[in-house]
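A.B. asks: Below is the file my_file-v3.txt, with compact mmCIF, C-alpha atoms and all ligand atoms.
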```txt
# COMPACT_ATOMS: atom_id res chain seq x y z
CA MET K 15 -6.61 -75.22 278.22
CA SER K 16 -3.59 -73.66 279.89
CA GLU K 17 -3.56 -70.96 277.18
CA LEU K 18 -7.20 -70.16 277.94
CA ARG K 19 -6.44 -69.91 281.66
CA ARG K 20 -3.41 -67.69 280.98
CA ALA K 21 -5.46 -65.38 278.75
CA ARG K 22 -8.27 -64.98 281.27
CA ALA K 23 -5.77 -64.33 284.04
CA VAL K 24 -4.63 -61.20 282.19
CA GLY K 25 -8.19 -60.03 281.50
CA VAL K 26 -8.78 -61.30 277.94
CA ARG K 27 -12.54 -61.52 277.32
CA GLY K 28 -12.80 -63.06 273.83
CA VAL K 29 -11.53 -66.25 272.19
CA VAL K 30 -11.77 -67.49 268.59
CA PHE K 31 -11.46 -71.18 267.76
CA THR K 32 -10.08 -71.40 264.22
CA GLY K 33 -7.51 -73.09 262.01
CA GLY K 34 -7.55 -76.36 260.13
CA GLU K 35 -11.18 -77.25 260.52
CA ALA K 36 -12.02 -76.71 264.15
CA THR K 37 -15.31 -78.67 264.06
CA LEU K 38 -13.32 -81.83 263.29
CA HIS K 39 -11.11 -81.49 266.37
CA PRO K 40 -12.17 -84.02 269.02
CA ASP K 41 -11.30 -81.63 271.87
CA LEU K 42 -13.37 -78.70 270.56
CA PRO K 43 -16.45 -79.18 272.80
CA ALA K 44 -14.27 -79.51 275.90
CA ALA K 45 -12.27 -76.41 274.94
CA ILE K 46 -15.45 -74.36 274.42
CA ARG K 47 -16.85 -75.53 277.76
CA ALA K 48 -13.57 -74.60 279.43
CA ALA K 49 -13.69 -71.14 277.84
CA ARG K 50 -17.21 -70.59 279.07
CA LYS K 51 -16.36 -71.79 282.58
CA LEU K 52 -13.40 -69.41 282.65
CA GLY K 53 -15.76 -66.54 281.88
CA PHE K 54 -14.92 -65.53 278.30
CA ALA K 55 -17.69 -63.20 277.16
CA SER K 56 -17.19 -63.83 273.44
CA ILE K 57 -16.47 -67.35 272.14
CA GLN K 58 -16.32 -67.45 268.35
CA LEU K 59 -16.00 -70.44 266.05
CA GLN K 60 -14.49 -69.94 262.59
CA THR K 61 -15.31 -72.85 260.31
CA ASN K 62 -15.70 -73.91 256.70
CA GLY K 63 -19.33 -74.33 257.75
CA ARG K 64 -19.87 -77.83 256.38
CA GLY K 65 -20.39 -79.48 259.75
CA LEU K 66 -23.06 -76.95 260.63
CA ALA K 67 -25.38 -78.73 258.18
CA TYR K 68 -25.88 -81.18 261.07
CA ARG K 69 -28.32 -79.41 263.36
CA GLU K 70 -27.39 -81.59 266.32
CA LEU K 71 -23.78 -80.35 266.06
CA CYS K 72 -25.04 -76.75 266.07
CA ARG K 73 -27.06 -77.50 269.18
CA GLU K 74 -24.11 -79.10 270.90
CA LEU K 75 -21.80 -76.18 270.09
CA LEU K 76 -24.38 -73.74 271.42
CA ARG K 77 -24.84 -75.82 274.58
CA CYS K 78 -21.06 -75.82 275.07
CA GLY K 79 -20.97 -72.03 274.90
CA ILE K 80 -20.22 -70.69 271.38
CA THR K 81 -21.57 -67.13 271.19
CA GLU K 82 -20.74 -66.37 267.52
CA PHE K 83 -20.45 -68.64 264.48
CA SER K 84 -18.29 -67.55 261.56
CA PRO K 85 -18.74 -69.87 258.57
CA SER K 86 -17.04 -69.16 255.24
CA ILE K 87 -19.18 -68.67 252.16
CA HIS K 88 -17.63 -67.70 248.87
CA GLY K 89 -20.56 -67.33 246.51
CA SER K 90 -24.30 -67.01 246.13
CA ARG K 91 -24.45 -70.21 244.11
CA PRO K 92 -22.97 -73.71 244.40
CA ALA K 93 -21.10 -73.32 241.10
CA ILE K 94 -18.99 -70.48 242.55
CA HIS K 95 -18.47 -71.66 246.13
CA ASP K 96 -17.89 -75.34 245.32
CA ALA K 97 -15.39 -74.46 242.57
CA LEU K 98 -13.38 -72.35 245.04
CA THR K 99 -13.51 -74.92 247.85
CA GLN K 100 -13.07 -77.75 245.31
CA THR K 101 -15.67 -79.63 247.33
CA PRO K 102 -18.94 -80.48 245.56
CA GLY K 103 -21.87 -80.02 247.92
CA SER K 104 -20.04 -77.65 250.29
CA TRP K 105 -22.21 -74.61 249.40
CA SER K 106 -25.40 -76.52 250.21
CA GLN K 107 -23.89 -77.58 253.54
CA VAL K 108 -22.88 -74.03 254.53
CA VAL K 109 -26.28 -72.64 253.56
CA ALA K 110 -28.04 -75.42 255.51
CA GLY K 111 -25.70 -74.61 258.40
CA ILE K 112 -26.62 -70.93 258.44
CA ARG K 113 -30.30 -71.88 258.33
CA ASN K 114 -29.76 -74.28 261.26
CA LEU K 115 -27.96 -71.64 263.30
CA LYS K 116 -30.58 -68.98 262.70
CA ALA K 117 -33.38 -71.44 263.55
CA LEU K 118 -31.56 -71.98 266.86
CA GLY K 119 -31.19 -68.26 267.47
CA ALA K 120 -27.40 -68.11 267.04
CA TYR K 121 -25.37 -65.06 265.97
CA VAL K 122 -23.89 -65.61 262.49
CA LEU K 123 -21.13 -63.59 260.86
CA THR K 124 -19.86 -64.94 257.56
CA ASN K 125 -16.50 -64.51 255.88
CA THR K 126 -15.97 -64.34 252.13
CA VAL K 127 -12.59 -64.28 250.42
CA ILE K 128 -12.65 -62.00 247.37
CA THR K 129 -11.09 -63.59 244.28
CA THR K 130 -11.44 -63.34 240.49
CA LYS K 131 -14.01 -66.12 240.66
CA ASN K 132 -16.52 -64.42 242.94
CA PHE K 133 -16.10 -60.64 243.04
CA ARG K 134 -18.89 -59.93 240.53
CA ASP K 135 -21.15 -62.13 242.65
CA LEU K 136 -20.73 -60.16 245.90
CA PRO K 137 -24.04 -58.24 245.57
CA ALA K 138 -25.93 -61.51 244.95
CA LEU K 139 -24.13 -63.06 247.91
CA ALA K 140 -25.14 -60.12 250.12
CA ARG K 141 -28.76 -60.62 249.03
CA LEU K 142 -28.51 -64.33 249.91
CA LEU K 143 -27.10 -63.53 253.35
CA VAL K 144 -29.96 -61.09 253.95
CA ARG K 145 -32.44 -63.83 253.02
CA LEU K 146 -30.71 -66.33 255.29
CA GLY K 147 -30.91 -63.90 258.21
CA ALA K 148 -27.15 -63.59 258.79
CA ASP K 149 -26.24 -60.91 261.33
CA GLN K 150 -22.97 -59.76 259.83
CA PHE K 151 -20.68 -60.44 256.86
CA GLN K 152 -17.14 -59.65 255.92
CA PHE K 153 -15.60 -59.46 252.45
CA ALA K 154 -11.86 -60.12 252.81
CA PHE K 155 -9.46 -59.41 249.96
CA VAL K 156 -7.53 -62.59 249.14
CA HIS K 157 -4.25 -62.91 251.04
CA ILE K 158 -1.73 -64.22 248.53
CA VAL K 159 -0.17 -66.96 250.64
CA GLY K 160 -0.33 -70.76 250.56
CA THR K 161 -2.68 -72.14 247.90
CA ALA K 162 -3.64 -68.60 246.82
CA ARG K 163 0.02 -67.84 246.13
CA ALA K 164 0.38 -70.96 244.01
CA ASN K 165 -2.66 -69.85 241.98
CA ARG K 166 -2.10 -66.09 242.13
CA ASP K 167 -1.91 -65.48 238.37
CA TRP K 168 -5.57 -66.39 237.82
CA LEU K 169 -7.02 -66.07 241.35
CA VAL K 170 -6.08 -62.53 242.40
CA PRO K 171 -8.27 -59.76 240.99
CA ARG K 172 -7.31 -56.12 240.65
CA ALA K 173 -8.32 -54.38 243.88
CA SER K 174 -9.77 -51.41 241.99
CA GLU K 175 -11.82 -53.73 239.76
CA VAL K 176 -13.60 -55.42 242.67
CA MET K 177 -14.63 -52.20 244.42
CA PRO K 178 -17.93 -51.46 242.60
CA TYR K 179 -19.15 -54.94 243.55
CA VAL K 180 -17.85 -54.65 247.13
CA ARG K 181 -19.67 -51.32 247.57
CA LYS K 182 -22.90 -52.71 246.12
CA GLY K 183 -22.70 -55.71 248.46
CA LEU K 184 -22.05 -53.47 251.47
CA ASP K 185 -24.99 -51.26 250.47
CA ILE K 186 -27.34 -54.25 250.31
CA GLY K 187 -26.20 -55.58 253.67
CA GLN K 188 -26.43 -52.22 255.41
CA ALA K 189 -29.83 -51.43 253.90
CA HIS K 190 -31.13 -54.57 255.61
CA GLY K 191 -29.50 -53.90 258.96
CA LEU K 192 -26.57 -56.30 258.69
CA LEU K 193 -23.12 -55.30 259.90
CA ALA K 194 -21.16 -55.26 256.65
CA ARG K 195 -17.36 -55.19 256.83
CA THR K 196 -14.29 -55.48 254.61
CA GLU K 197 -10.79 -56.68 255.39
CA ALA K 198 -7.47 -55.88 253.71
CA ILE K 199 -8.86 -53.11 251.51
CA PRO K 200 -7.14 -49.77 252.27
CA TYR K 201 -9.01 -46.54 252.93
CA CYS K 202 -8.13 -45.00 249.56
CA LEU K 203 -10.31 -47.63 247.84
CA MET K 204 -13.06 -47.36 250.47
CA ARG K 205 -14.03 -43.68 250.13
CA GLY K 206 -17.45 -43.19 251.71
CA TYR K 207 -17.27 -46.68 253.22
CA GLU K 208 -14.46 -46.11 255.71
CA HIS K 209 -16.77 -47.19 258.58
CA CYS K 210 -16.93 -50.66 257.01
CA ILE K 211 -13.18 -51.31 257.36
CA ALA K 212 -12.85 -54.16 259.86
CA GLU K 213 -9.25 -53.59 260.91
CA GLY K 214 -10.13 -50.57 263.04
CA GLY K 215 -12.30 -52.75 265.27
CA ILE K 216 -10.11 -55.83 265.62
CA PRO K 217 -8.96 -56.10 269.25
CA ASP K 218 -5.38 -56.98 270.22
CA THR K 219 -5.04 -60.64 269.35
CA ARG K 220 -2.68 -63.44 270.29
CA VAL K 221 -2.48 -66.45 267.96
CA VAL K 222 -1.85 -69.77 269.70
CA ASP K 223 -1.47 -72.53 267.16
CA SER K 224 1.26 -74.51 265.43
CA VAL K 225 2.31 -70.95 264.54
CA ARG K 226 2.38 -68.52 267.50
CA VAL K 227 2.01 -64.78 267.13
CA ASP K 228 1.95 -62.93 270.44
CA ASP K 229 0.63 -59.67 268.97
CA PHE K 230 -1.24 -60.40 265.74
CA GLY K 231 -2.28 -56.77 265.28
CA ARG K 232 1.33 -55.64 265.36
CA TRP K 233 2.37 -58.49 263.05
CA ARG K 234 -0.41 -57.53 260.64
CA ARG K 235 0.54 -53.85 260.61
CA PHE K 236 4.30 -54.18 260.47
CA GLU K 237 4.94 -57.51 258.75
CA GLY K 238 1.77 -58.74 257.02
CA LYS K 239 0.66 -55.46 255.40
CA ALA K 240 2.67 -52.87 253.49
CA LYS K 241 2.58 -49.13 252.83
CA GLY K 242 3.53 -47.53 249.51
CA PRO K 243 6.09 -44.85 248.72
CA ASP K 244 3.47 -42.03 248.85
CA CYS K 245 1.45 -43.24 251.85
CA GLY K 246 3.23 -40.87 254.23
CA ARG K 247 1.38 -37.97 252.53
CA CYS K 248 -2.06 -39.60 252.82
CA ARG K 249 -4.62 -38.40 255.37
CA TRP K 250 -5.23 -42.03 256.41
CA ASP K 251 -1.57 -42.90 256.91
CA ARG K 252 -1.84 -43.14 260.70
CA VAL K 253 -4.78 -45.57 260.76
CA CYS K 254 -4.44 -47.37 257.41
CA GLU K 255 -2.60 -50.69 257.45
CA GLY K 256 -2.26 -50.84 253.64
CA PRO K 257 -2.91 -53.99 251.58
CA TRP K 258 -1.40 -57.39 252.34
CA LYS K 259 2.22 -56.89 251.26
CA GLU K 260 2.02 -59.63 248.61
CA TYR K 261 -0.52 -57.60 246.58
CA PRO K 262 1.74 -54.67 245.57
CA GLU K 263 4.55 -57.18 245.00
CA LEU K 264 2.29 -58.70 242.34
CA ARG K 265 0.43 -55.65 241.00
CA GLY K 266 2.39 -52.61 242.13
CA TRP K 267 1.13 -49.48 243.95
CA GLY K 268 -0.66 -47.78 241.05
CA GLU K 269 -4.19 -48.39 242.34
CA PHE K 270 -3.54 -46.86 245.79
CA LYS K 271 -3.87 -43.08 245.37
CA ILE K 272 -3.24 -40.95 248.42
CA VAL K 273 -6.18 -39.11 249.93
CA PRO K 274 -5.15 -35.49 250.58
CA ALA K 275 -5.65 -34.13 254.09
CA GLY K 276 -8.47 -31.67 254.75
S1 LIG U 301 -2.06 -44.78 253.47
FE1 LIG U 301 -1.61 -45.58 251.41
S2 LIG U 301 -2.74 -47.50 251.24
FE2 LIG U 301 -3.57 -46.35 252.98
S3 LIG U 301 -5.29 -45.19 252.22
FE3 LIG U 301 -3.52 -43.88 252.04
S4 LIG U 301 -2.67 -44.22 250.00
FE4 LIG U 301 -4.08 -45.90 250.45
```
Would you mind writing the file out in structure tokens?

C.D. replies:
Amino acid sequence: MSELRRARAVGVRGVVFTGGEATLHPDLPAAIRAARKLGFASIQLQTNGRGLAYRELCRELLRCGITEFSPSIHGSRPAIHDALTQTPGSWSQVVAGIRNLKALGAYVLTNTVITTKNFRDLPALARLLVRLGADQFQFAFVHIVGTARANRDWLVPRASEVMPYVRKGLDIGQAHGLLARTEAIPYCLMRGYEHCIAEGGIPDTRVVDSVRVDDFGRWRRFEGKAKGPDCGRCRWDRVCEGPWKEYPELRGWGEFKIVPAG
């Protein structure tokens, strides 16, 4: 609570509850209520989405003050999502959760991690999200850390290979009025879709957790992401953050071709 008070005191207007599985934390409702009382305009919950299958929990979180729900969904079908989460039944729970939230009038923005196991499914997933009435979705290229690092040889797709499916998914979302975004895909792979790159719109962020990062944007740009040897000659060099640094360590820089100025 003291972190929330400190943030408001310096004019911060948005807070995201995330990490572990926030819906399982016994203090979550109290923390959300505190955030609302302090006057945060945006209070987002990032979750694996399973708990949202219980409509009463959705109601309680809305009553407490959540303004945006961000469940993770990694496929249009149980076979894809449940294999990635290694939790049978989790897809059905997330989908039920999104239905619950939309029935209650909540704002829903989903997050999908792009891997070898789901990239061809992204257009079908976009169609599902349209049908479910989601407001926004984000396709995030897998960050090769933790479990993803341990499984990188079979889990990490080629960035260039996923792009036709990413573009198709974005097209479907945008055609139906959803905000469609990508994360950790540099501009050179996003030609014609530059407006969908999420990083440009992420506000300055402070991470307060077991790991603390006072300026997450700076950490992302200067420690988390990397630029290649030719990036200095690219027209996007000033705004592009590059891929997560672990990607070129695994696959090299060959797929990232500079975009000439002009
Ligand atoms: S700066 Fe580098 S990574 Fe970014 S768009 Fe240009 S070539 Fe791609």

A.B. asks: Take atom CA of K:Gly268 and atom CA of K:Pro200 and report the distance between them in Å, one decimal.

C.D. replies: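 Result for atom CA of K:Gly268 versus atom CA of K:Pro200: 13.1 Å, one decimal.
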
A.B. asks: Taking only C-alpha atoms and all ligand atoms into account, which residues have an atom no farther than 10 Å from ligand LIG 301 (chain U)? I'd like them as number ranges by chain.

C.D. replies: K: 198-205, 208, 239-257, 267-274

A.B. asks: Would you save the residues from that selection as an mmCIF file, in the coordinates of the input, using C-alpha atoms?

C.D. replies:
```cif
data_model
loop_
_atom_site.group_PDB
_atom_site.id
_atom_site.type_symbol
_atom_site.label_atom_id
_atom_site.label_comp_id
_atom_site.auth_asym_id
_atom_site.auth_seq_id
_atom_site.Cartn_x
_atom_site.Cartn_y
_atom_site.Cartn_z
ATOM 1 C CA ALA K 198 -7.470 -55.880 253.710
ATOM 2 C CA ILE K 199 -8.860 -53.110 251.510
ATOM 3 C CA PRO K 200 -7.140 -49.770 252.270
ATOM 4 C CA TYR K 201 -9.010 -46.540 252.930
ATOM 5 C CA CYS K 202 -8.130 -45.000 249.560
ATOM 6 C CA LEU K 203 -10.310 -47.630 247.840
ATOM 7 C CA MET K 204 -13.060 -47.360 250.470
ATOM 8 C CA ARG K 205 -14.030 -43.680 250.130
ATOM 9 C CA GLU K 208 -14.460 -46.110 255.710
ATOM 10 C CA LYS K 239 0.660 -55.460 255.400
ATOM 11 C CA ALA K 240 2.670 -52.870 253.490
ATOM 12 C CA LYS K 241 2.580 -49.130 252.830
ATOM 13 C CA GLY K 242 3.530 -47.530 249.510
ATOM 14 C CA PRO K 243 6.090 -44.850 248.720
ATOM 15 C CA ASP K 244 3.470 -42.030 248.850
ATOM 16 C CA CYS K 245 1.450 -43.240 251.850
ATOM 17 C CA GLY K 246 3.230 -40.870 254.230
ATOM 18 C CA ARG K 247 1.380 -37.970 252.530
ATOM 19 C CA CYS K 248 -2.060 -39.600 252.820
ATOM 20 C CA ARG K 249 -4.620 -38.400 255.370
ATOM 21 C CA TRP K 250 -5.230 -42.030 256.410
ATOM 22 C CA ASP K 251 -1.570 -42.900 256.910
ATOM 23 C CA ARG K 252 -1.840 -43.140 260.700
ATOM 24 C CA VAL K 253 -4.780 -45.570 260.760
ATOM 25 C CA CYS K 254 -4.440 -47.370 257.410
ATOM 26 C CA GLU K 255 -2.600 -50.690 257.450
ATOM 27 C CA GLY K 256 -2.260 -50.840 253.640
ATOM 28 C CA PRO K 257 -2.910 -53.990 251.580
ATOM 29 C CA TRP K 267 1.130 -49.480 243.950
ATOM 30 C CA GLY K 268 -0.660 -47.780 241.050
ATOM 31 C CA GLU K 269 -4.190 -48.390 242.340
ATOM 32 C CA PHE K 270 -3.540 -46.860 245.790
ATOM 33 C CA LYS K 271 -3.870 -43.080 245.370
ATOM 34 C CA ILE K 272 -3.240 -40.950 248.420
ATOM 35 C CA VAL K 273 -6.180 -39.110 249.930
ATOM 36 C CA PRO K 274 -5.150 -35.490 250.580
#
```

A.B. asks: Compare K:Ala67, K:Leu123, K:Val222, K:Val29 by their minimum atom-to-atom distance to K:Arg195, counting all atoms listed in the file, and give me the closest one.

C.D. replies: K:Leu123

A.B. asks: One number please: atom CA of K:Ala275 to atom CA of K:Arg172, in Å, one decimal.

C.D. replies: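 We find that atom CA of K:Ala275 and atom CA of K:Arg172 lie 25.8 Å from each other.
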
A.B. asks: In Å, how far is it from atom CA of K:Tyr261 to atom CA of K:Tyr207?

C.D. replies: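 Separating atom CA of K:Tyr261 from atom CA of K:Tyr207 is a distance of 21.1 Å.
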
A.B. asks: Neighbouring residues of K:Phe31 were defined as those with any atom within 7 Å, considering all atoms listed in the file; residues of the same chain fewer than 4 positions away were excluded. Please report them as a PyMOL selection string.

C.D. replies: chain K and resi 36+58-60

A.B. asks: Find the residues with any atom within 10 Å of (-10.5, -56.8, 243.3); use all atoms listed in the file and the coordinates as given in the file, and write the answer as a ChimeraX atom specification.

C.D. replies: /K:128-130,132-134,155-156,170-180,199

A.B. asks: If we count all atoms listed in the file and set the cut-off at 12 Å, which residues sit around stretch 100-103 of chain K, ignoring sequence neighbours fewer than 5 positions away in its own chain? Please answer as a list in words.

C.D. replies: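 Counting all atoms listed in the file, the residues come to Asn62, Gly63, Arg64, Gly65, Ala67, His88, Arg91, Pro92, Ala93, Ile94, His95, Val108, Val109 and Ala110 of chain K.
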
A.B. asks: Build an axis-aligned box that encloses every atom of stretch 35-47 of chain K listed in the file, pad it by 4 Å on each side, and report its centre and edge lengths in Å to one decimal, as lines of an AutoDock Vina configuration file.

C.D. replies:
```
center_x = -14.0
center_y = -79.2
center_z = 269.1
size_x = 13.7
size_y = 17.7
size_z = 25.2
```

A.B. asks: Of the candidates K:Arg163, K:Arg113, K:Lys182, K:Arg77, which one gets nearest to K:Pro137 if we count all atoms listed in the file?

C.D. replies: K:Lys182
